[in-house]
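Listing of query-v4.txt; format and content: compact mmCIF, C-alpha atoms.
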```
# COMPACT_ATOMS: atom_id res chain seq x y z
CA MET A 910 -23.65 -11.93 27.68
CA MET A 911 -23.04 -9.65 24.68
CA LYS A 912 -19.33 -9.12 23.95
CA LYS A 913 -18.12 -5.52 23.63
CA ILE A 914 -15.87 -4.24 20.85
CA LEU A 915 -14.17 -0.85 20.68
CA ILE A 916 -13.10 0.40 17.25
CA ILE A 917 -10.46 3.15 17.28
CA GLU A 918 -10.36 4.42 13.70
CA ASP A 919 -10.18 8.02 12.49
CA ASP A 920 -11.92 7.41 9.16
CA GLN A 921 -15.63 7.80 9.87
CA ILE A 922 -16.73 5.71 6.88
CA VAL A 923 -14.47 2.77 7.75
CA ALA A 924 -15.45 3.00 11.42
CA ASN A 925 -19.17 2.97 10.59
CA ILE A 926 -18.80 -0.02 8.28
CA TYR A 927 -17.10 -2.05 10.99
CA ARG A 928 -19.52 -0.85 13.68
CA ASN A 929 -22.56 -1.87 11.63
CA LYS A 930 -21.06 -5.23 10.69
CA PHE A 931 -20.11 -6.10 14.27
CA ALA A 932 -23.52 -4.97 15.52
CA THR A 933 -25.28 -7.32 13.09
CA GLU A 934 -23.03 -10.12 14.35
CA GLY A 935 -24.31 -9.61 17.91
CA PHE A 936 -21.57 -7.43 19.43
CA GLU A 937 -22.01 -4.24 21.42
CA VAL A 938 -19.87 -1.67 19.63
CA GLU A 939 -18.41 1.76 20.39
CA VAL A 940 -16.25 3.91 18.08
CA ALA A 941 -13.49 6.43 18.83
CA LEU A 942 -12.21 8.68 16.04
CA ASP A 943 -8.88 9.56 17.67
CA GLY A 944 -6.34 8.01 20.02
CA LEU A 945 -7.14 10.11 23.10
CA LEU A 946 -10.86 9.37 22.91
CA GLY A 947 -10.01 5.71 22.35
CA LEU A 948 -7.91 5.68 25.51
CA GLU A 949 -10.79 7.22 27.49
CA LEU A 950 -13.35 4.79 26.04
CA VAL A 951 -11.25 1.71 26.85
CA ARG A 952 -11.24 2.73 30.51
CA ARG A 953 -14.95 3.62 30.57
CA PHE A 954 -16.50 1.13 28.12
CA ARG A 955 -14.33 -1.84 29.22
CA PRO A 956 -14.34 -3.66 25.86
CA ASP A 957 -13.57 -7.35 25.42
CA ALA A 958 -11.39 -6.52 22.39
CA VAL A 959 -10.09 -3.43 20.60
CA ILE A 960 -9.69 -2.89 16.85
CA LEU A 961 -7.05 -0.23 16.45
CA ASP A 962 -5.64 1.75 13.54
CA LEU A 963 -2.01 2.71 14.09
CA MET A 964 -2.25 6.07 12.32
CA LEU A 965 -4.51 8.18 14.54
CA PRO A 966 -4.82 11.89 15.35
CA LYS A 967 -3.98 13.21 18.83
CA MET A 968 -2.39 9.91 19.95
CA SER A 969 -1.02 7.09 17.79
CA GLY A 970 -2.18 3.52 18.08
CA VAL A 971 1.22 2.50 19.42
CA GLU A 972 0.99 5.13 22.18
CA VAL A 973 -2.54 3.98 23.06
CA MET A 974 -1.34 0.39 23.49
CA LYS A 975 1.76 1.34 25.48
CA THR A 976 -0.34 3.40 27.89
CA LEU A 977 -2.98 0.71 28.40
CA ARG A 978 -0.52 -2.17 28.67
CA SER A 979 1.06 -0.33 31.61
CA GLU A 980 -2.24 -0.56 33.49
CA ALA A 981 -3.07 -3.83 35.26
CA ASP A 982 -6.68 -3.94 34.02
CA PHE A 983 -5.69 -4.02 30.35
CA GLN A 984 -2.57 -6.17 30.18
CA GLU A 985 -4.52 -9.09 28.65
CA LEU A 986 -6.94 -7.05 26.53
CA PRO A 987 -6.78 -8.21 22.86
CA PHE A 988 -5.60 -5.47 20.49
CA ILE A 989 -6.19 -6.22 16.81
CA VAL A 990 -4.25 -3.54 14.94
CA PHE A 991 -4.32 -2.36 11.35
CA SER A 992 -0.95 -1.68 9.76
CA ASN A 993 0.43 -0.48 6.46
CA THR A 994 2.10 -3.30 4.53
CA TYR A 995 5.15 -1.14 3.76
CA LEU A 996 5.81 0.29 7.23
CA GLY A 997 7.64 -2.63 8.78
CA ASN A 998 9.20 -0.46 11.49
CA MET A 999 5.76 0.63 12.66
CA VAL A 1000 4.55 -2.97 12.75
CA GLN A 1001 7.53 -3.88 14.92
CA GLU A 1002 6.67 -1.01 17.25
CA ALA A 1003 3.10 -2.31 17.43
CA TRP A 1004 4.25 -5.80 18.43
CA LYS A 1005 6.55 -4.35 21.10
CA ALA A 1006 3.72 -2.16 22.41
CA GLY A 1007 1.55 -5.23 22.99
CA ALA A 1008 -0.42 -5.91 19.80
CA THR A 1009 -2.25 -9.24 19.82
CA LYS A 1010 -2.53 -9.43 16.02
CA CYS A 1011 -1.28 -7.16 13.24
CA LEU A 1012 -3.34 -7.21 10.05
CA SER A 1013 -2.87 -5.36 6.77
CA LYS A 1014 -5.63 -2.84 6.23
CA SER A 1015 -5.31 -3.25 2.47
CA THR A 1016 -6.18 -6.96 2.44
CA CYS A 1017 -8.55 -7.59 5.35
CA THR A 1018 -12.31 -7.76 4.90
CA PRO A 1019 -14.82 -7.26 7.75
CA LYS A 1020 -15.50 -10.99 7.76
CA GLN A 1021 -11.81 -11.77 8.30
CA ILE A 1022 -11.65 -9.29 11.19
CA ILE A 1023 -14.73 -10.87 12.79
CA ASP A 1024 -13.17 -14.33 12.47
CA VAL A 1025 -10.01 -13.06 14.18
CA ILE A 1026 -12.01 -11.43 16.97
CA ARG A 1027 -14.09 -14.56 17.55
CA GLY A 1028 -10.90 -16.61 17.71
CA GLU A 1029 -9.42 -14.29 20.33
CA LEU A 1030 -12.56 -14.15 22.43
CA SER A 1031 -13.01 -17.91 22.32
CA GLY A 1032 -9.54 -18.37 23.76
CA ASN A 1033 -8.15 -19.89 20.56
CA GLY A 1034 -6.52 -16.76 19.20
CA LYS A 1035 -3.16 -17.08 20.96
CA SER A 1036 -2.47 -20.51 19.55
CA ALA A 1037 -3.81 -19.80 16.09
CA ALA A 1038 -1.38 -19.05 13.31
CA HIS A 1039 -1.32 -15.49 12.04
CA PRO A 1040 -3.96 -15.46 9.28
CA ALA A 1041 -2.43 -14.98 5.86
CA PRO A 1042 -4.13 -12.36 3.67
CA ALA A 1043 -6.46 -13.97 1.18
CA THR A 1044 -5.24 -14.13 -2.39
CA MET A 1045 -7.25 -12.61 -5.24
CA GLN A 1046 -8.09 -16.17 -6.33
CA GLU A 1047 -9.42 -17.07 -2.85
CA ASN A 1048 -11.47 -13.89 -2.62
CA ARG A 1049 -12.94 -14.46 -6.07
CA MET A 1050 -13.80 -18.10 -5.31
CA ALA A 1051 -15.41 -17.09 -2.03
CA ALA A 1052 -17.56 -14.56 -3.85
CA GLN A 1053 -18.52 -16.98 -6.63
CA ASN A 1054 -19.10 -20.04 -4.40
CA PRO A 1055 -20.60 -18.91 -1.10
CA GLU A 1056 -20.86 -21.70 1.44
CA PRO A 1057 -24.41 -22.83 2.25
CA VAL A 1058 -24.22 -21.61 5.83
CA THR A 1059 -26.54 -19.19 7.60
CA GLY A 1060 -25.29 -15.63 7.10
CA LYS A 1061 -23.07 -16.29 4.06
CA ASN A 1062 -25.60 -14.83 1.60
CA ALA A 1063 -25.94 -11.80 3.86
CA ASP A 1064 -22.15 -11.43 3.83
CA ALA A 1065 -22.13 -11.49 0.03
CA GLU A 1066 -24.90 -8.89 -0.13
CA PHE A 1067 -23.10 -6.75 2.45
CA GLN A 1068 -19.87 -6.93 0.42
CA ALA A 1069 -21.69 -6.11 -2.81
CA ASP A 1070 -23.34 -3.06 -1.23
CA LEU A 1071 -19.97 -1.88 0.10
CA ARG A 1072 -18.36 -2.25 -3.30
CA LYS A 1073 -21.14 -0.31 -5.02
CA SER A 1074 -20.93 2.52 -2.50
CA PHE A 1075 -17.14 2.58 -2.88
CA THR A 1076 -17.14 2.61 -6.69
CA ASP A 1077 -19.88 5.26 -6.83
CA GLY A 1078 -17.61 7.59 -4.84
CA LEU A 1079 -14.45 7.02 -6.88
CA PRO A 1080 -14.91 9.91 -9.38
CA ALA A 1081 -15.18 12.40 -6.51
CA THR A 1082 -12.20 10.78 -4.77
CA LEU A 1083 -10.07 11.13 -7.90
CA THR A 1084 -11.05 14.80 -8.29
CA THR A 1085 -9.98 15.46 -4.69
CA LEU A 1086 -6.67 13.60 -5.08
CA ARG A 1087 -5.80 15.52 -8.25
CA ALA A 1088 -6.66 18.85 -6.62
CA LEU A 1089 -4.45 18.05 -3.62
CA LEU A 1090 -1.63 16.98 -5.93
CA GLN A 1091 -1.83 20.27 -7.84
CA GLY A 1092 -1.76 22.14 -4.55
CA LEU A 1093 1.35 20.23 -3.53
CA ILE A 1094 3.12 20.91 -6.83
CA LYS A 1095 2.30 24.62 -6.69
CA ALA A 1096 3.15 25.08 -2.99
CA ASP A 1097 5.73 27.86 -2.65
CA ASN A 1098 6.78 27.36 0.98
CA GLU A 1099 7.50 24.43 3.28
CA GLN A 1100 4.52 24.97 5.58
CA THR A 1101 2.03 24.89 2.70
CA ARG A 1102 3.86 21.97 1.12
CA LEU A 1103 3.69 19.91 4.32
CA LYS A 1104 -0.01 20.67 4.76
CA GLN A 1105 -0.71 19.46 1.22
CA VAL A 1106 1.35 16.30 1.78
CA ASN A 1107 -0.50 15.59 5.01
CA ASP A 1108 -3.93 16.19 3.45
CA LEU A 1109 -3.02 13.92 0.55
CA TYR A 1110 -1.69 11.31 2.95
CA ARG A 1111 -4.94 11.30 4.97
CA ARG A 1112 -7.00 10.84 1.79
CA ILE A 1113 -4.85 7.96 0.58
CA HIS A 1114 -4.88 6.41 4.07
CA ALA A 1115 -8.70 6.38 3.94
CA LEU A 1116 -8.64 5.01 0.38
CA THR A 1117 -6.41 2.11 1.45
CA GLY A 1118 -8.85 1.11 4.19
CA ASN A 1119 -11.97 1.50 2.06
CA ALA A 1120 -10.49 -0.45 -0.86
CA GLY A 1121 -9.37 -3.24 1.48
CA ILE A 1122 -12.82 -3.51 3.07
CA THR A 1123 -14.55 -3.73 -0.30
CA GLY A 1124 -12.10 -6.26 -1.74
CA MET A 1125 -10.77 -3.91 -4.45
CA LEU A 1126 -7.36 -5.44 -4.12
CA GLN A 1127 -5.35 -3.66 -6.80
CA ILE A 1128 -6.55 -0.24 -5.66
CA ALA A 1129 -5.74 -1.20 -2.07
CA GLN A 1130 -2.27 -2.44 -3.04
CA MET A 1131 -1.43 0.75 -4.93
CA ALA A 1132 -2.87 3.05 -2.25
CA ASP A 1133 -1.05 1.13 0.49
CA ALA A 1134 2.33 1.82 -1.11
CA LEU A 1135 1.54 5.46 -1.95
CA GLU A 1136 0.37 6.04 1.63
CA ALA A 1137 3.75 4.88 2.93
CA LEU A 1138 5.59 7.17 0.51
CA LEU A 1139 3.53 10.20 1.53
CA LYS A 1140 4.10 9.44 5.21
CA GLU A 1141 7.85 9.38 4.53
CA LEU A 1142 7.68 12.71 2.71
CA TYR A 1143 5.72 14.32 5.54
CA GLU A 1144 8.17 13.11 8.18
CA LYS A 1145 11.23 14.04 6.08
CA PRO A 1146 10.36 17.13 3.98
CA LYS A 1147 13.84 17.28 2.44
CA ASN A 1148 12.80 14.22 0.41
CA ILE A 1149 10.09 16.22 -1.37
CA THR A 1150 11.95 16.52 -4.66
CA ALA A 1151 11.11 16.67 -8.35
CA SER A 1152 11.69 12.90 -8.49
CA THR A 1153 9.39 12.00 -5.58
CA LEU A 1154 6.69 14.39 -6.82
CA ARG A 1155 6.80 12.70 -10.24
CA THR A 1156 6.37 9.34 -8.52
CA VAL A 1157 3.41 10.59 -6.46
CA ALA A 1158 1.83 12.05 -9.60
CA SER A 1159 2.28 8.84 -11.59
CA ALA A 1160 0.74 6.79 -8.75
CA ILE A 1161 -2.33 9.07 -8.56
CA ASP A 1162 -2.65 8.97 -12.35
CA PHE A 1163 -2.58 5.18 -12.25
CA LEU A 1164 -5.13 5.09 -9.41
CA GLY A 1165 -7.38 6.94 -11.84
CA VAL A 1166 -6.90 4.10 -14.33
CA LEU A 1167 -7.72 1.53 -11.65
CA PHE A 1168 -10.81 3.53 -10.65
CA GLU A 1169 -12.07 3.37 -14.25
CA ARG A 1170 -11.57 -0.40 -14.26
CA SER A 1171 -13.11 -0.90 -10.82
CA ALA A 1172 -16.31 -2.42 -12.18
CA LEU A 1173 -14.37 -5.31 -13.70
CA ALA A 1174 -13.85 -8.56 -11.81
CA ASP A 1175 -10.54 -9.11 -10.06
CA GLN A 1176 -7.93 -10.62 -12.32
CA PRO A 1177 -7.04 -14.28 -11.98
CA GLU A 1178 -3.83 -15.13 -10.20
CA MET A 1179 -0.84 -14.51 -12.46
CA PRO A 1180 2.80 -15.59 -12.22
CA PRO A 1181 5.09 -13.21 -10.31
CA PRO A 1182 6.40 -10.40 -12.53
CA SER A 1183 9.87 -10.82 -13.99
CA ILE A 1184 12.14 -7.83 -13.26
CA LEU A 1185 15.73 -7.15 -14.31
CA VAL A 1186 18.11 -4.74 -12.56
CA VAL A 1187 21.35 -3.77 -14.33
CA ASP A 1188 23.94 -1.71 -12.43
CA ASP A 1189 27.70 -2.13 -12.20
CA GLU A 1190 27.76 -1.02 -8.54
CA ALA A 1191 26.93 -3.80 -6.06
CA ILE A 1192 25.54 -1.43 -3.42
CA SER A 1193 23.22 0.24 -5.93
CA ARG A 1194 21.98 -3.13 -7.21
CA ARG A 1195 21.26 -4.25 -3.66
CA ALA A 1196 19.43 -1.00 -2.91
CA VAL A 1197 17.14 -1.43 -5.92
CA THR A 1198 16.41 -5.09 -5.22
CA TYR A 1199 15.72 -4.32 -1.55
CA ALA A 1200 13.27 -1.60 -2.56
CA LEU A 1201 11.51 -4.05 -4.87
CA GLU A 1202 11.31 -6.60 -2.06
CA LYS A 1203 9.33 -4.04 -0.02
CA ALA A 1204 6.66 -4.32 -2.73
CA LYS A 1205 7.01 -8.12 -2.66
CA LEU A 1206 8.65 -8.05 -6.08
CA LYS A 1207 11.71 -10.14 -6.86
CA ALA A 1208 14.35 -9.28 -9.43
CA ILE A 1209 17.34 -10.71 -11.27
CA ASN A 1210 20.30 -8.33 -10.94
CA LEU A 1211 23.36 -8.13 -13.20
CA GLU A 1212 26.43 -5.90 -13.18
CA ASP A 1213 27.51 -6.32 -16.82
CA PRO A 1214 25.30 -4.60 -19.43
CA LEU A 1215 26.66 -6.88 -22.18
CA VAL A 1216 25.60 -9.98 -20.26
CA ALA A 1217 22.28 -8.29 -19.55
CA PHE A 1218 21.63 -7.77 -23.27
CA GLU A 1219 22.34 -11.43 -23.96
CA MET A 1220 19.81 -12.39 -21.28
CA LEU A 1221 17.25 -9.94 -22.66
CA ALA A 1222 17.58 -11.55 -26.08
CA ASP A 1223 16.50 -14.90 -24.60
CA THR A 1224 14.22 -13.90 -21.72
CA ARG A 1225 11.15 -11.70 -21.49
CA PHE A 1226 10.94 -9.28 -18.55
CA ASP A 1227 7.99 -7.24 -17.33
CA LEU A 1228 10.09 -4.34 -16.01
CA ILE A 1229 13.73 -3.26 -16.33
CA PHE A 1230 15.78 -0.92 -14.12
CA LEU A 1231 19.00 0.45 -15.62
CA ASP A 1232 21.89 2.48 -14.30
CA VAL A 1233 23.24 5.01 -16.80
CA ASP A 1234 26.98 5.23 -16.18
CA MET A 1235 28.26 1.67 -16.80
CA PRO A 1236 31.48 0.40 -18.46
CA GLY A 1237 31.32 -1.26 -21.86
CA MET A 1238 27.80 -0.04 -22.63
CA ASN A 1239 25.98 2.74 -20.83
CA GLY A 1240 22.33 2.53 -19.87
CA PHE A 1241 21.11 4.67 -22.76
CA GLU A 1242 22.91 2.41 -25.27
CA LEU A 1243 21.54 -0.74 -23.62
CA CYS A 1244 18.03 0.69 -23.70
CA SER A 1245 18.32 1.54 -27.40
CA LYS A 1246 19.56 -1.97 -28.17
CA LEU A 1247 16.91 -3.79 -26.15
CA ARG A 1248 14.21 -1.82 -27.99
CA THR A 1249 15.27 -3.70 -31.16
CA LEU A 1250 14.27 -6.98 -29.52
CA PRO A 1251 10.66 -8.01 -30.36
CA ALA A 1252 9.93 -9.06 -26.76
CA HIS A 1253 11.06 -5.72 -25.35
CA LYS A 1254 9.73 -3.10 -27.74
CA LYS A 1255 7.29 -1.90 -25.07
CA THR A 1256 8.78 -3.22 -21.83
CA PRO A 1257 8.93 -0.41 -19.24
CA VAL A 1258 12.51 0.74 -18.68
CA VAL A 1259 13.27 2.93 -15.66
CA PHE A 1260 16.66 4.61 -15.35
CA VAL A 1261 18.07 4.85 -11.82
CA THR A 1262 20.72 7.52 -11.98
CA SER A 1263 22.43 10.38 -10.18
CA LEU A 1264 22.32 12.30 -13.49
CA ASN A 1265 19.29 14.56 -13.13
CA ASP A 1266 20.03 17.33 -15.64
CA PHE A 1267 17.87 18.20 -18.64
CA GLU A 1268 20.27 16.58 -21.11
CA SER A 1269 20.20 13.27 -19.24
CA ARG A 1270 16.42 13.32 -19.05
CA ALA A 1271 16.22 14.01 -22.77
CA SER A 1272 18.67 11.17 -23.46
CA SER A 1273 16.61 8.75 -21.37
CA THR A 1274 13.54 9.54 -23.48
CA MET A 1275 15.38 9.43 -26.81
CA SER A 1276 16.91 6.04 -26.00
CA GLY A 1277 13.46 4.57 -25.35
CA GLY A 1278 13.30 4.89 -21.58
CA SER A 1279 9.90 5.02 -19.89
CA ASP A 1280 10.89 6.88 -16.74
CA PHE A 1281 13.78 7.67 -14.42
CA ILE A 1282 14.34 7.95 -10.71
CA ALA A 1283 17.11 10.03 -9.16
CA LYS A 1284 19.81 8.71 -6.85
CA PRO A 1285 19.80 8.71 -3.91
CA PHE A 1286 16.22 7.43 -3.86
CA LEU A 1287 13.79 6.41 -1.17
CA PHE A 1288 13.18 2.67 -1.06
CA ILE A 1289 9.43 3.22 -0.91
CA GLU A 1290 9.59 5.63 -3.87
CA LEU A 1291 11.13 2.95 -6.06
CA ALA A 1292 8.60 0.40 -4.75
CA VAL A 1293 5.72 2.71 -5.73
CA LYS A 1294 7.24 3.29 -9.15
CA ALA A 1295 7.65 -0.45 -9.73
CA LEU A 1296 4.08 -1.22 -8.67
CA VAL A 1297 2.71 1.36 -11.09
CA TYR A 1298 4.49 -0.27 -14.02
CA VAL A 1299 3.85 -3.88 -12.99
CA LEU A 1300 0.13 -3.39 -12.32
CA ARG A 1301 -0.32 -1.23 -15.42
CA GLY A 1302 1.31 -3.96 -17.52
CA ARG A 1303 -1.04 -6.55 -16.09
CA LEU A 1304 -4.05 -4.41 -16.89
CA SER A 1305 -2.84 -4.21 -20.49
CA THR A 1306 -2.46 -7.99 -20.82
CA SER A 1307 -5.92 -8.59 -19.31
CA LYS A 1308 -7.78 -6.54 -21.94
```

Rewrite the structure from the file as structure tokens, please.
Amino acid sequence: MMKKILIIEDDQIVANIYRNKFATEGFEVEVALDGLLGLELVRRFRPDAVILDLMLPKMSGVEVMKTLRSEADFQELPFIVFSNTYLGNMVQEAWKAGATKCLSKSTCTPKQIIDVIRGELSGNGKSAAHPAPATMQENRMAAQNPEPVTGKNADAEFQADLRKSFTDGLPATLTTLRALLQGLIKADNEQTRLKQVNDLYRRIHALTGNAGITGMLQIAQMADALEALLKELYEKPKNITASTLRTVASAIDFLGVLFERSALADQPEMPPPSILVVDDEAISRRAVTYALEKAKLKAINLEDPLVAFEMLADTRFDLIFLDVDMPGMNGFELCSKLRTLPAHKKTPVVFVTSLNDFESRASSTMSGGSDFIAKPFLFIELAVKALVYVLRGRLSTSK
């Protein structure tokens, strides 16, 4: 008997891709574009498994699961949910609401989702380990060395068609993102500003899913982080500041760079980036390193700028975060000195400071700084900023 799958996903393109793929794999498939319709279809369609986005109009994915788990007929129904890598609190809510598996939308391909669904429907899903997202190296090897099994060539052709459709639409996507950004920057009241943030968020949310499906991993990684930042700004409008708007703008600008490079093959696996954080306040250092950890970036942190300069003389870093007001040597002085070191003439240096006046911004530029972020900062804002510089640096070294 044909197994039935319900896909609850508000992005029509993503939903259609999954519907077509599951249909070719022999499943009966229905699609709901919002949470309320999804709730109705579960009760009427009686699926064997549900694929569920957490961010849905009318009713969130978490609310859908909570409602259905309270009904006897659906307490064992498998829910495979898509989450944002950076929204850990939402993932925890999904588990508590009854999710069977939580997968990152930015790293899962249709084939991986099908494998998860087959595992659940065969009765092996509950004992299987949570599937780790494939690395760029694994994805590239899979594409270059397809296994000689029926359907693998079709999978490769399907993935190639998806990628072509995705890349063909990137110029129009970038034009839309830039127009929405300009609307956000020019917004003169909170209502208009929130609408622009929400519209931009929805576009980036769709981009994350589409890039993940097509295997465009760097675009998906950048969009995933920016999506989380925009969600934070929409929920807490007081955080829409000059600093956060600069970060959003730099992320969209860098997405444009990634779009231009989209035709190139994925980069080979590279060592983790080396990041240095220098701040004399322990709480501030911990805040920066925690924010970096959200982007899966690790850092060395030091409180003494003199010790930091000695380390910089011997060690190459890919990115440096500096406080400004430090004893012995302030951040501007340290930045000027490290620019004399051959290994750090072009290393990105981001100032993290409560000094946000024109003079301080001018000093950061004159000392050789690349950017600055204002205290207090959002963790996800700093994570987005770091990803922009780390990924941009890797593009430069791959030329």

| task | Would you please work out which residue, of A:Phe936, A:Phe1163, A:Tyr1298, A:Tyr1143, is nearest to Ile1229 of chain A when using only C-alpha atoms? | result |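 Residue with the minimum atom-to-atom distance to Ile1229 of chain A: A:Tyr1298.
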
| For the atom pair atom CA of Met1131 of chain A and atom CA of Ser1305 of chain A, what is the interatomic distance in Å to one decimal place? |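 Rounded to one decimal, the two atoms are 16.4 Å apart.
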
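Picture a line from atom CA of Phe931 of chain A to atom CA of Leu963 of chain A; it runs 20.1 Å.
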
| message | For a test of reading the model, state the distance in Å between atom CA of Phe1260 of chain A and atom CA of Tyr1110 of chain A, rounded to one decimal. | response |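 If I compute the distance from atom CA of Phe1260 of chain A to atom CA of Tyr1110 of chain A, I get 26.8 Å.
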
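For the choices A:Ala1208, A:Ile917, A:Leu1103, A:Ile1161, the atom-to-atom distance to Gly944 of chain A is smallest for A:Ile917 when using only C-alpha atoms.
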
| task | Just the residues within 10 Å of segment 991-995 of chain A, please, counting all atoms listed in the file, with nothing from its chain fewer than 5 positions along; format it as an MDAnalysis selection string. | result | chainID A and resid 918 960:964 970 1000 1003 1008 1010:1017 1114 1117:1118 1130 1132:1138 1203:1205 1289 1292

Store the residues of this selection in a file with C-alpha atoms, as an mmCIF file, keeping the file's coordinate frame.
```
data_model
loop_
_atom_site.group_PDB
_atom_site.id
_atom_site.type_symbol
_atom_site.label_atom_id
_atom_site.label_comp_id
_atom_site.auth_asym_id
_atom_site.auth_seq_id
_atom_site.Cartn_x
_atom_site.Cartn_y
_atom_site.Cartn_z
ATOM 1 C CA GLU A 918 -10.360 4.420 13.700
ATOM 2 C CA ILE A 960 -9.690 -2.890 16.850
ATOM 3 C CA LEU A 961 -7.050 -0.230 16.450
ATOM 4 C CA ASP A 962 -5.640 1.750 13.540
ATOM 5 C CA LEU A 963 -2.010 2.710 14.090
ATOM 6 C CA MET A 964 -2.250 6.070 12.320
ATOM 7 C CA GLY A 970 -2.180 3.520 18.080
ATOM 8 C CA VAL A 1000 4.550 -2.970 12.750
ATOM 9 C CA ALA A 1003 3.100 -2.310 17.430
ATOM 10 C CA ALA A 1008 -0.420 -5.910 19.800
ATOM 11 C CA LYS A 1010 -2.530 -9.430 16.020
ATOM 12 C CA CYS A 1011 -1.280 -7.160 13.240
ATOM 13 C CA LEU A 1012 -3.340 -7.210 10.050
ATOM 14 C CA SER A 1013 -2.870 -5.360 6.770
ATOM 15 C CA LYS A 1014 -5.630 -2.840 6.230
ATOM 16 C CA SER A 1015 -5.310 -3.250 2.470
ATOM 17 C CA THR A 1016 -6.180 -6.960 2.440
ATOM 18 C CA CYS A 1017 -8.550 -7.590 5.350
ATOM 19 C CA HIS A 1114 -4.880 6.410 4.070
ATOM 20 C CA THR A 1117 -6.410 2.110 1.450
ATOM 21 C CA GLY A 1118 -8.850 1.110 4.190
ATOM 22 C CA GLN A 1130 -2.270 -2.440 -3.040
ATOM 23 C CA ALA A 1132 -2.870 3.050 -2.250
ATOM 24 C CA ASP A 1133 -1.050 1.130 0.490
ATOM 25 C CA ALA A 1134 2.330 1.820 -1.110
ATOM 26 C CA LEU A 1135 1.540 5.460 -1.950
ATOM 27 C CA GLU A 1136 0.370 6.040 1.630
ATOM 28 C CA ALA A 1137 3.750 4.880 2.930
ATOM 29 C CA LEU A 1138 5.590 7.170 0.510
ATOM 30 C CA LYS A 1203 9.330 -4.040 -0.020
ATOM 31 C CA ALA A 1204 6.660 -4.320 -2.730
ATOM 32 C CA LYS A 1205 7.010 -8.120 -2.660
ATOM 33 C CA ILE A 1289 9.430 3.220 -0.910
ATOM 34 C CA ALA A 1292 8.600 0.400 -4.750
#
```
